[in-house]
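Here is structure30.tsv, consisting of TSV, N, CA and C atoms and all ligand atoms:
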```
chain	number	residue	atom	x	y	z
A	1	MET	N	167.85	44.56	29.14
A	1	MET	CA	166.38	44.63	29.05
A	1	MET	C	165.97	44.96	27.61
A	2	SER	N	164.97	44.29	27.09
A	2	SER	CA	164.51	44.58	25.72
A	2	SER	C	163.79	45.93	25.68
A	3	ASP	N	163.61	46.44	24.49
A	3	ASP	CA	162.90	47.72	24.33
A	3	ASP	C	161.49	47.61	24.92
A	4	ALA	N	160.85	46.48	24.67
A	4	ALA	CA	159.48	46.30	25.17
A	4	ALA	C	159.48	46.31	26.70
A	5	ALA	N	160.47	45.66	27.30
A	5	ALA	CA	160.54	45.62	28.76
A	5	ALA	C	160.77	47.02	29.32
A	6	LYS	N	161.63	47.78	28.65
A	6	LYS	CA	161.88	49.16	29.09
A	6	LYS	C	160.61	50.00	28.98
A	7	GLN	N	159.91	49.79	27.86
A	7	GLN	CA	158.68	50.56	27.62
A	7	GLN	C	157.66	50.30	28.74
A	8	LEU	N	157.54	49.05	29.16
A	8	LEU	CA	156.58	48.71	30.21
A	8	LEU	C	157.05	49.23	31.56
A	9	SER	N	158.32	49.03	31.87
A	9	SER	CA	158.86	49.48	33.16
A	9	SER	C	158.68	50.98	33.34
A	10	ARG	N	158.89	51.72	32.23
A	10	ARG	CA	158.80	53.17	32.28
A	10	ARG	C	157.43	53.66	32.74
A	11	VAL	N	156.38	52.89	32.41
A	11	VAL	CA	155.03	53.32	32.81
A	11	VAL	C	154.53	52.52	34.01
A	12	GLY	N	155.45	51.84	34.69
A	12	GLY	CA	155.08	51.17	35.92
A	12	GLY	C	154.37	49.84	35.74
A	13	ILE	N	154.54	49.20	34.58
A	13	ILE	CA	153.95	47.88	34.36
A	13	ILE	C	155.06	46.82	34.51
A	14	LYS	N	154.83	45.84	35.37
A	14	LYS	CA	155.80	44.77	35.55
A	14	LYS	C	155.89	43.97	34.25
A	15	PRO	N	157.10	43.89	33.66
A	15	PRO	CA	157.22	43.24	32.35
A	15	PRO	C	157.24	41.72	32.43
A	16	SER	N	156.06	41.14	32.69
A	16	SER	CA	155.98	39.67	32.74
A	16	SER	C	156.16	39.12	31.33
A	17	HIS	N	156.47	37.84	31.26
A	17	HIS	CA	156.67	37.18	29.96
A	17	HIS	C	155.46	37.39	29.03
A	18	GLN	N	154.26	37.15	29.57
A	18	GLN	CA	153.08	37.26	28.71
A	18	GLN	C	152.84	38.69	28.25
A	19	ARG	N	153.03	39.65	29.15
A	19	ARG	CA	152.84	41.06	28.75
A	19	ARG	C	153.84	41.46	27.66
A	20	LEU	N	155.08	40.98	27.81
A	20	LEU	CA	156.09	41.32	26.81
A	20	LEU	C	155.73	40.74	25.45
A	21	ARG	N	155.29	39.50	25.44
A	21	ARG	CA	154.94	38.86	24.17
A	21	ARG	C	153.76	39.58	23.51
A	22	ILE	N	152.78	39.98	24.32
A	22	ILE	CA	151.61	40.69	23.78
A	22	ILE	C	152.05	42.04	23.21
A	23	LEU	N	152.89	42.76	23.95
A	23	LEU	CA	153.34	44.07	23.47
A	23	LEU	C	154.19	43.94	22.20
A	24	GLU	N	155.09	42.97	22.20
A	24	GLU	CA	155.95	42.79	21.02
A	24	GLU	C	155.12	42.45	19.78
A	25	TRP	N	154.13	41.58	19.98
A	25	TRP	CA	153.32	41.20	18.82
A	25	TRP	C	152.47	42.39	18.34
A	26	LEU	N	151.91	43.12	19.31
A	26	LEU	CA	151.08	44.28	18.96
A	26	LEU	C	151.91	45.33	18.22
A	27	ALA	N	153.15	45.50	18.65
A	27	ALA	CA	154.01	46.50	18.01
A	27	ALA	C	154.49	46.04	16.64
A	28	SER	N	154.42	44.74	16.36
A	28	SER	CA	154.95	44.21	15.11
A	28	SER	C	153.91	44.23	13.99
A	29	THR	N	152.66	44.54	14.33
A	29	THR	CA	151.62	44.50	13.31
A	29	THR	C	151.00	45.87	13.11
A	30	ARG	N	150.61	46.16	11.88
A	30	ARG	CA	149.87	47.40	11.61
A	30	ARG	C	148.39	47.08	11.38
A	31	SER	N	147.96	45.89	11.77
A	31	SER	CA	146.60	45.46	11.46
A	31	SER	C	145.55	45.98	12.44
A	32	HIS	N	145.96	46.64	13.53
A	32	HIS	CA	145.02	47.11	14.53
A	32	HIS	C	144.08	45.96	14.94
A	33	PRO	N	144.66	44.93	15.57
A	33	PRO	CA	143.86	43.73	15.88
A	33	PRO	C	142.88	43.94	17.03
A	34	SER	N	141.84	43.13	17.05
A	34	SER	CA	140.94	43.07	18.20
A	34	SER	C	141.64	42.23	19.27
A	35	ALA	N	141.09	42.25	20.48
A	35	ALA	CA	141.67	41.42	21.56
A	35	ALA	C	141.63	39.95	21.14
A	36	GLU	N	140.55	39.56	20.52
A	36	GLU	CA	140.42	38.16	20.08
A	36	GLU	C	141.50	37.81	19.05
A	37	ALA	N	141.79	38.74	18.15
A	37	ALA	CA	142.82	38.49	17.13
A	37	ALA	C	144.21	38.39	17.77
A	38	VAL	N	144.46	39.19	18.81
A	38	VAL	CA	145.74	39.09	19.54
A	38	VAL	C	145.84	37.71	20.17
A	39	TYR	N	144.74	37.30	20.80
A	39	TYR	CA	144.71	35.99	21.47
A	39	TYR	C	144.96	34.86	20.46
A	40	GLN	N	144.26	34.91	19.33
A	40	GLN	CA	144.40	33.84	18.33
A	40	GLN	C	145.80	33.80	17.74
A	41	ALA	N	146.43	34.98	17.59
A	41	ALA	CA	147.76	35.03	16.99
A	41	ALA	C	148.82	34.45	17.92
A	42	LEU	N	148.64	34.66	19.22
A	42	LEU	CA	149.68	34.24	20.18
A	42	LEU	C	149.47	32.84	20.74
A	43	LEU	N	148.24	32.35	20.67
A	43	LEU	CA	147.92	31.07	21.28
A	43	LEU	C	148.83	29.91	20.81
A	44	PRO	N	149.13	29.81	19.51
A	44	PRO	CA	149.98	28.68	19.08
A	44	PRO	C	151.33	28.65	19.78
A	45	GLN	N	151.92	29.83	20.05
A	45	GLN	CA	153.22	29.84	20.73
A	45	GLN	C	153.06	29.92	22.24
A	46	MET	N	151.87	30.25	22.72
A	46	MET	CA	151.66	30.42	24.16
A	46	MET	C	150.41	29.67	24.59
A	47	PRO	N	150.48	28.36	24.66
A	47	PRO	CA	149.27	27.56	24.92
A	47	PRO	C	148.61	27.85	26.27
A	48	THR	N	149.36	28.44	27.23
A	48	THR	CA	148.74	28.70	28.53
A	48	THR	C	148.09	30.08	28.59
A	49	LEU	N	148.18	30.84	27.51
A	49	LEU	CA	147.59	32.17	27.48
A	49	LEU	C	146.07	32.08	27.58
A	50	SER	N	145.46	32.98	28.38
A	50	SER	CA	144.00	33.00	28.47
A	50	SER	C	143.46	34.28	27.84
A	51	ARG	N	142.22	34.21	27.41
A	51	ARG	CA	141.57	35.42	26.85
A	51	ARG	C	141.54	36.53	27.89
A	52	THR	N	141.27	36.15	29.14
A	52	THR	CA	141.20	37.15	30.21
A	52	THR	C	142.51	37.91	30.33
A	53	THR	N	143.63	37.18	30.25
A	53	THR	CA	144.94	37.83	30.33
A	53	THR	C	145.11	38.83	29.19
A	54	VAL	N	144.71	38.42	27.99
A	54	VAL	CA	144.85	39.31	26.83
A	54	VAL	C	143.99	40.56	27.02
A	55	TYR	N	142.73	40.39	27.40
A	55	TYR	CA	141.84	41.53	27.59
A	55	TYR	C	142.37	42.47	28.68
A	56	ASN	N	142.78	41.88	29.82
A	56	ASN	CA	143.27	42.71	30.93
A	56	ASN	C	144.56	43.42	30.57
A	57	THR	N	145.44	42.72	29.85
A	57	THR	CA	146.72	43.32	29.46
A	57	THR	C	146.50	44.47	28.49
A	58	LEU	N	145.62	44.29	27.52
A	58	LEU	CA	145.36	45.37	26.56
A	58	LEU	C	144.73	46.57	27.27
A	59	ALA	N	143.84	46.31	28.22
A	59	ALA	CA	143.22	47.41	28.98
A	59	ALA	C	144.28	48.17	29.77
A	60	LEU	N	145.23	47.43	30.35
A	60	LEU	CA	146.31	48.05	31.11
A	60	LEU	C	147.21	48.89	30.19
A	61	PHE	N	147.53	48.35	29.02
A	61	PHE	CA	148.36	49.07	28.05
A	61	PHE	C	147.68	50.40	27.66
A	62	VAL	N	146.37	50.35	27.45
A	62	VAL	CA	145.64	51.57	27.07
A	62	VAL	C	145.65	52.57	28.22
A	63	GLU	N	145.40	52.07	29.43
A	63	GLU	CA	145.36	52.95	30.60
A	63	GLU	C	146.69	53.66	30.81
A	64	ARG	N	147.79	52.96	30.55
A	64	ARG	CA	149.12	53.55	30.77
A	64	ARG	C	149.71	54.20	29.51
A	65	GLY	N	148.95	54.22	28.44
A	65	GLY	CA	149.41	54.92	27.24
A	65	GLY	C	150.43	54.16	26.41
A	66	VAL	N	150.51	52.85	26.60
A	66	VAL	CA	151.44	52.03	25.81
A	66	VAL	C	150.79	51.65	24.48
A	67	ALA	N	149.48	51.56	24.48
A	67	ALA	CA	148.74	51.26	23.26
A	67	ALA	C	147.53	52.18	23.23
A	68	GLN	N	146.91	52.29	22.05
A	68	GLN	CA	145.68	53.08	22.00
A	68	GLN	C	144.54	52.27	21.41
A	69	PRO	N	143.33	52.53	21.92
A	69	PRO	CA	142.18	51.82	21.40
A	69	PRO	C	141.65	52.49	20.14
A	70	VAL	N	141.05	51.72	19.28
A	70	VAL	CA	140.42	52.26	18.07
A	70	VAL	C	138.94	51.86	18.14
A	71	TYR	N	138.08	52.87	18.35
A	71	TYR	CA	136.65	52.59	18.51
A	71	TYR	C	135.91	52.92	17.23
A	72	LEU	N	136.09	52.12	16.20
A	72	LEU	CA	135.39	52.41	14.95
A	72	LEU	C	134.48	51.26	14.54
A	73	ASP	N	134.36	50.30	15.44
A	73	ASP	CA	133.60	49.11	15.16
A	73	ASP	C	132.63	48.95	16.32
A	74	ALA	N	131.33	48.84	16.02
A	74	ALA	CA	130.33	48.76	17.09
A	74	ALA	C	130.50	47.47	17.89
A	75	VAL	N	131.11	46.47	17.31
A	75	VAL	CA	131.18	45.16	17.96
A	75	VAL	C	132.44	45.00	18.79
A	76	GLN	N	133.58	45.37	18.21
A	76	GLN	CA	134.81	45.14	18.95
A	76	GLN	C	135.80	46.29	18.87
A	77	THR	N	136.43	46.56	20.00
A	77	THR	CA	137.50	47.53	20.05
A	77	THR	C	138.72	46.92	19.38
A	78	ARG	N	139.44	47.74	18.62
A	78	ARG	CA	140.70	47.28	18.05
A	78	ARG	C	141.81	47.99	18.80
A	79	TYR	N	143.03	47.45	18.71
A	79	TYR	CA	144.15	48.01	19.47
A	79	TYR	C	145.32	48.33	18.58
A	80	ASP	N	146.05	49.37	18.97
A	80	ASP	CA	147.18	49.85	18.20
A	80	ASP	C	148.40	49.99	19.11
A	81	GLY	N	149.48	49.31	18.75
A	81	GLY	CA	150.70	49.40	19.54
A	81	GLY	C	151.43	50.71	19.34
A	82	ASP	N	150.98	51.50	18.38
A	82	ASP	CA	151.55	52.83	18.16
A	82	ASP	C	150.67	53.82	18.91
A	83	ALA	N	151.16	54.29	20.05
A	83	ALA	CA	150.33	55.13	20.91
A	83	ALA	C	150.41	56.62	20.56
A	84	ARG	N	151.25	56.97	19.56
A	84	ARG	CA	151.33	58.39	19.18
A	84	ARG	C	150.01	58.82	18.57
A	85	PRO	N	149.65	60.11	18.71
A	85	PRO	CA	148.37	60.57	18.16
A	85	PRO	C	148.30	60.40	16.65
A	86	HIS	N	147.30	59.69	16.19
A	86	HIS	CA	147.00	59.60	14.76
A	86	HIS	C	145.57	59.13	14.62
A	87	GLY	N	145.02	59.33	13.44
A	87	GLY	CA	143.65	58.94	13.20
A	87	GLY	C	143.58	57.58	12.51
A	88	HIS	N	142.35	57.10	12.28
A	88	HIS	CA	142.16	55.79	11.66
A	88	HIS	C	141.02	55.82	10.65
A	89	PHE	N	141.13	54.94	9.67
A	89	PHE	CA	140.05	54.74	8.70
A	89	PHE	C	139.70	53.26	8.73
A	90	ARG	N	138.44	52.96	9.01
A	90	ARG	CA	138.01	51.56	8.97
A	90	ARG	C	137.15	51.32	7.73
A	91	CYS	N	137.57	50.31	6.95
A	91	CYS	CA	136.79	49.96	5.77
A	91	CYS	C	135.65	49.05	6.18
A	92	ARG	N	134.41	49.46	5.86
A	92	ARG	CA	133.26	48.64	6.23
A	92	ARG	C	133.08	47.47	5.28
A	93	GLY	N	133.88	47.46	4.20
A	93	GLY	CA	133.84	46.33	3.26
A	93	GLY	C	134.69	45.17	3.77
A	94	CYS	N	135.99	45.42	3.95
A	94	CYS	CA	136.91	44.34	4.32
A	94	CYS	C	137.33	44.38	5.78
A	95	GLY	N	136.94	45.43	6.50
A	95	GLY	CA	137.26	45.49	7.92
A	95	GLY	C	138.65	46.00	8.25
A	96	ARG	N	139.42	46.32	7.20
A	96	ARG	CA	140.77	46.82	7.45
A	96	ARG	C	140.74	48.16	8.16
A	97	VAL	N	141.71	48.39	9.06
A	97	VAL	CA	141.87	49.69	9.71
A	97	VAL	C	143.25	50.20	9.35
A	98	ILE	N	143.31	51.37	8.75
A	98	ILE	CA	144.61	51.94	8.41
A	98	ILE	C	144.82	53.26	9.16
A	99	ASP	N	146.10	53.64	9.28
A	99	ASP	CA	146.44	54.88	9.97
A	99	ASP	C	146.19	56.09	9.08
A	100	VAL	N	145.79	57.18	9.71
A	100	VAL	CA	145.58	58.45	9.01
A	100	VAL	C	146.37	59.52	9.76
A	101	GLU	N	147.20	60.25	9.03
A	101	GLU	CA	147.96	61.33	9.65
A	101	GLU	C	147.00	62.42	10.11
A	102	LEU	N	147.28	62.98	11.28
A	102	LEU	CA	146.46	64.10	11.75
A	102	LEU	C	147.09	65.40	11.26
A	103	PRO	N	146.27	66.42	11.05
A	103	PRO	CA	146.83	67.73	10.73
A	103	PRO	C	147.65	68.24	11.90
A	104	ALA	N	148.55	69.16	11.63
A	104	ALA	CA	149.42	69.68	12.68
A	104	ALA	C	148.60	70.24	13.85
A	105	ALA	N	147.45	70.82	13.55
A	105	ALA	CA	146.58	71.35	14.60
A	105	ALA	C	145.30	70.53	14.62
A	106	PRO	N	145.27	69.43	15.42
A	106	PRO	CA	144.04	68.61	15.48
A	106	PRO	C	142.92	69.38	16.16
A	107	PRO	N	141.67	68.90	16.03
A	107	PRO	CA	140.54	69.60	16.65
A	107	PRO	C	140.78	69.82	18.14
A	108	ALA	N	140.44	70.99	18.64
A	108	ALA	CA	140.67	71.32	20.05
A	108	ALA	C	139.40	71.06	20.86
A	109	PRO	N	139.57	70.66	22.14
A	109	PRO	CA	138.40	70.46	23.01
A	109	PRO	C	137.77	71.81	23.35
A	110	PRO	N	136.53	71.81	23.86
A	110	PRO	CA	135.89	73.07	24.26
A	110	PRO	C	136.72	73.77	25.34
A	111	ARG	N	136.60	75.07	25.40
A	111	ARG	CA	137.34	75.84	26.40
A	111	ARG	C	137.02	75.32	27.80
A	112	GLY	N	138.09	75.11	28.60
A	112	GLY	CA	137.90	74.65	29.97
A	112	GLY	C	137.94	73.14	30.12
A	113	TYR	N	137.94	72.41	28.98
A	113	TYR	CA	137.99	70.96	29.05
A	113	TYR	C	139.42	70.49	28.76
A	114	ALA	N	139.86	69.44	29.46
A	114	ALA	CA	141.18	68.88	29.23
A	114	ALA	C	141.03	67.50	28.63
A	115	ALA	N	141.48	67.33	27.39
A	115	ALA	CA	141.34	66.04	26.71
A	115	ALA	C	142.55	65.14	26.99
A	116	ASP	N	142.29	63.88	27.31
A	116	ASP	CA	143.38	62.92	27.48
A	116	ASP	C	143.82	62.38	26.13
A	117	ARG	N	142.89	62.37	25.18
A	117	ARG	CA	143.15	61.70	23.92
A	117	ARG	C	142.28	62.33	22.85
A	118	VAL	N	142.82	62.49	21.66
A	118	VAL	CA	142.02	62.94	20.53
A	118	VAL	C	141.83	61.74	19.62
A	119	MET	N	140.58	61.43	19.28
A	119	MET	CA	140.33	60.30	18.40
A	119	MET	C	139.68	60.78	17.12
A	120	VAL	N	140.36	60.56	16.01
A	120	VAL	CA	139.83	60.95	14.72
A	120	VAL	C	139.59	59.66	13.94
A	121	GLY	N	138.36	59.44	13.53
A	121	GLY	CA	138.05	58.19	12.85
A	121	GLY	C	137.19	58.38	11.63
A	122	PHE	N	137.49	57.61	10.61
A	122	PHE	CA	136.68	57.57	9.40
A	122	PHE	C	136.16	56.15	9.22
A	123	VAL	N	134.95	56.02	8.70
A	123	VAL	CA	134.44	54.71	8.31
A	123	VAL	C	133.97	54.86	6.88
A	124	GLY	N	134.28	53.90	6.04
A	124	GLY	CA	133.87	53.99	4.65
A	124	GLY	C	134.43	52.82	3.86
A	125	LEU	N	134.84	53.07	2.64
A	125	LEU	CA	135.34	52.00	1.79
A	125	LEU	C	136.78	52.29	1.35
A	126	CYS	N	137.63	51.25	1.38
A	126	CYS	CA	139.00	51.39	0.90
A	126	CYS	C	138.98	51.32	-0.64
A	127	PRO	N	140.09	51.68	-1.30
A	127	PRO	CA	140.09	51.68	-2.77
A	127	PRO	C	139.71	50.33	-3.38
A	128	ALA	N	140.22	49.24	-2.80
A	128	ALA	CA	139.91	47.91	-3.35
A	128	ALA	C	138.43	47.60	-3.24
A	129	CYS	N	137.83	47.93	-2.10
A	129	CYS	CA	136.40	47.65	-1.90
A	129	CYS	C	135.52	48.58	-2.73
A	130	ARG	N	136.01	49.77	-3.02
A	130	ARG	CA	135.24	50.67	-3.87
A	130	ARG	C	135.16	50.12	-5.30
A	131	ARG	N	136.24	49.45	-5.73
A	131	ARG	CA	136.28	48.89	-7.09
A	131	ARG	C	135.46	47.60	-7.18
A	132	ALA	N	135.46	46.82	-6.07
A	132	ALA	CA	134.79	45.51	-6.11
A	132	ALA	C	133.29	45.69	-6.00
A	133	PRO	N	132.53	44.80	-6.66
A	133	PRO	CA	131.07	44.86	-6.46
A	133	PRO	C	130.77	44.51	-5.01
A	134	GLN	N	129.82	45.22	-4.41
A	134	GLN	CA	129.48	44.98	-3.01
A	134	GLN	C	128.94	43.56	-2.82
A	135	ALA	N	129.53	42.87	-1.85
A	135	ALA	CA	129.07	41.51	-1.55
A	135	ALA	C	127.88	41.59	-0.60
A	136	GLY	N	127.04	40.61	-0.67
A	136	GLY	CA	125.90	40.47	0.25
A	136	GLY	C	125.00	41.66	0.15
B	201	ZN	ZN	138.12	47.40	2.08
B	202	ZN	ZN	146.89	53.24	14.18
```
Taking this structure as input, can you express it in the form of structure tokens?
Amino acid sequence: MSDAAKQLSRVGIKPSHQRLRILEWLASTRSHPSAEAVYQALLPQMPTLSRTTVYNTLALFVERGVAQPVYLDAVQTRYDGDARPHGHFRCRGCGRVIDVELPAAPPAPPRGYAADRVMVGFVGLCPACRRAPQAG
């Protein structure tokens, strides 16, 4: 069994061919793609893939902790195959999302509340976009 298949089986997800391909591709990129970007990347090799399958699979991965969502864009959720806790920075110039290390003691929830996930996000400009004249 491949690592991806083991990873899915461990959280109770049946490792179908399409799910494995989606997980492997998601784990191979640090681009934090949107569901649409995952679909567009895999379509050439998987002509029978549907958008619905990609959306449902990504939602399942998030629910089972195989992937994490990045909510830094009002229009589209991005996805990360690295489910370990870390923060993100989204550049509003070029749209890039990069990983940000969290401090050893991340912000704690209010007393009595149990958090499933800590999301730390920054939005701003990356070094290249800060140097470039603003377009539009
Ligand atoms: Zn940028
Ligand atoms: Zn990330």
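Between atom N of Asp80 in chain A and CA of Ile22 in chain A the separation is 11.4 Å.
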Q: Provide the atom C of Phe89 in chain A to CA of Leu125 in chain A distance in Å, to one decimal place.
A: 8.3 Å
Q.
Which polymer residues, whether protein, DNA or RNA, lie within 12 Å of the coordinate (133.5, 47.0, 14.3) when you count only C-alpha atoms? List them as a list of chain:residue names, using the chain letters and numbers from the file.
A. A:His32, A:Pro33, A:Ser34, A:Val70, A:Tyr71, A:Leu72, A:Asp73, A:Ala74, A:Val75, A:Gln76, A:Thr77, A:Arg78, A:Tyr79, A:Phe89, A:Arg90, A:Cys91, A:Arg92, A:Gly93, A:Cys94, A:Gly95, A:Arg96, A:Val97, A:Val123, A:Gly124
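If only C-alpha atoms are the atoms counted, then among A:Phe122, A:Trp25, A:Tyr39, A:Tyr113 the closest residue to His88 in chain A is A:Phe122.
Closest to Ala105 in chain A among A:Thr29, A:Phe61, A:Pro85, A:Gln40 is A:Pro85, based on only C-alpha atoms.
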Q: Find, counting only N, CA and C atoms and all ligand atoms, the residue in A:Ser31, A:Val120, A:Arg130, A:Val38 that gets nearest to ligand ZN 201 (chain B).
A: A:Arg130
Q: Might you pull out every residue within 8 Å of Pro15 in chain A, with all atoms listed in the file counted and same-chain residues fewer than 6 positions away left off, and present them as a list in words?
A: Ala4, Ala5, Lys6, Gln7, Leu8, Ser9 and Arg21 of chain A
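CA of Ala35 in chain A lies 8.0 Å from CA of Arg51 in chain A.
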Specify the axis-aligned box that encloses all atoms of range 36-49 of chain A listed in the file after padding of 3 Å on each side, stating its centre and edge lengths in Å to one decimal as lines of an AutoDock Vina configuration file.
```
center_x = 146.8
center_y = 33.6
center_z = 22.8
size_x = 18.8
size_y = 18.0
size_z = 17.6
```
Q: Step one, run DSSP on the backbone; step two, keep only residues of range 15-134 of chain A assigned to helix (DSSP H, G or I); then write them as a PyMOL selection string.
A: chain A and resi 17-28+35-42+51-63+127-131
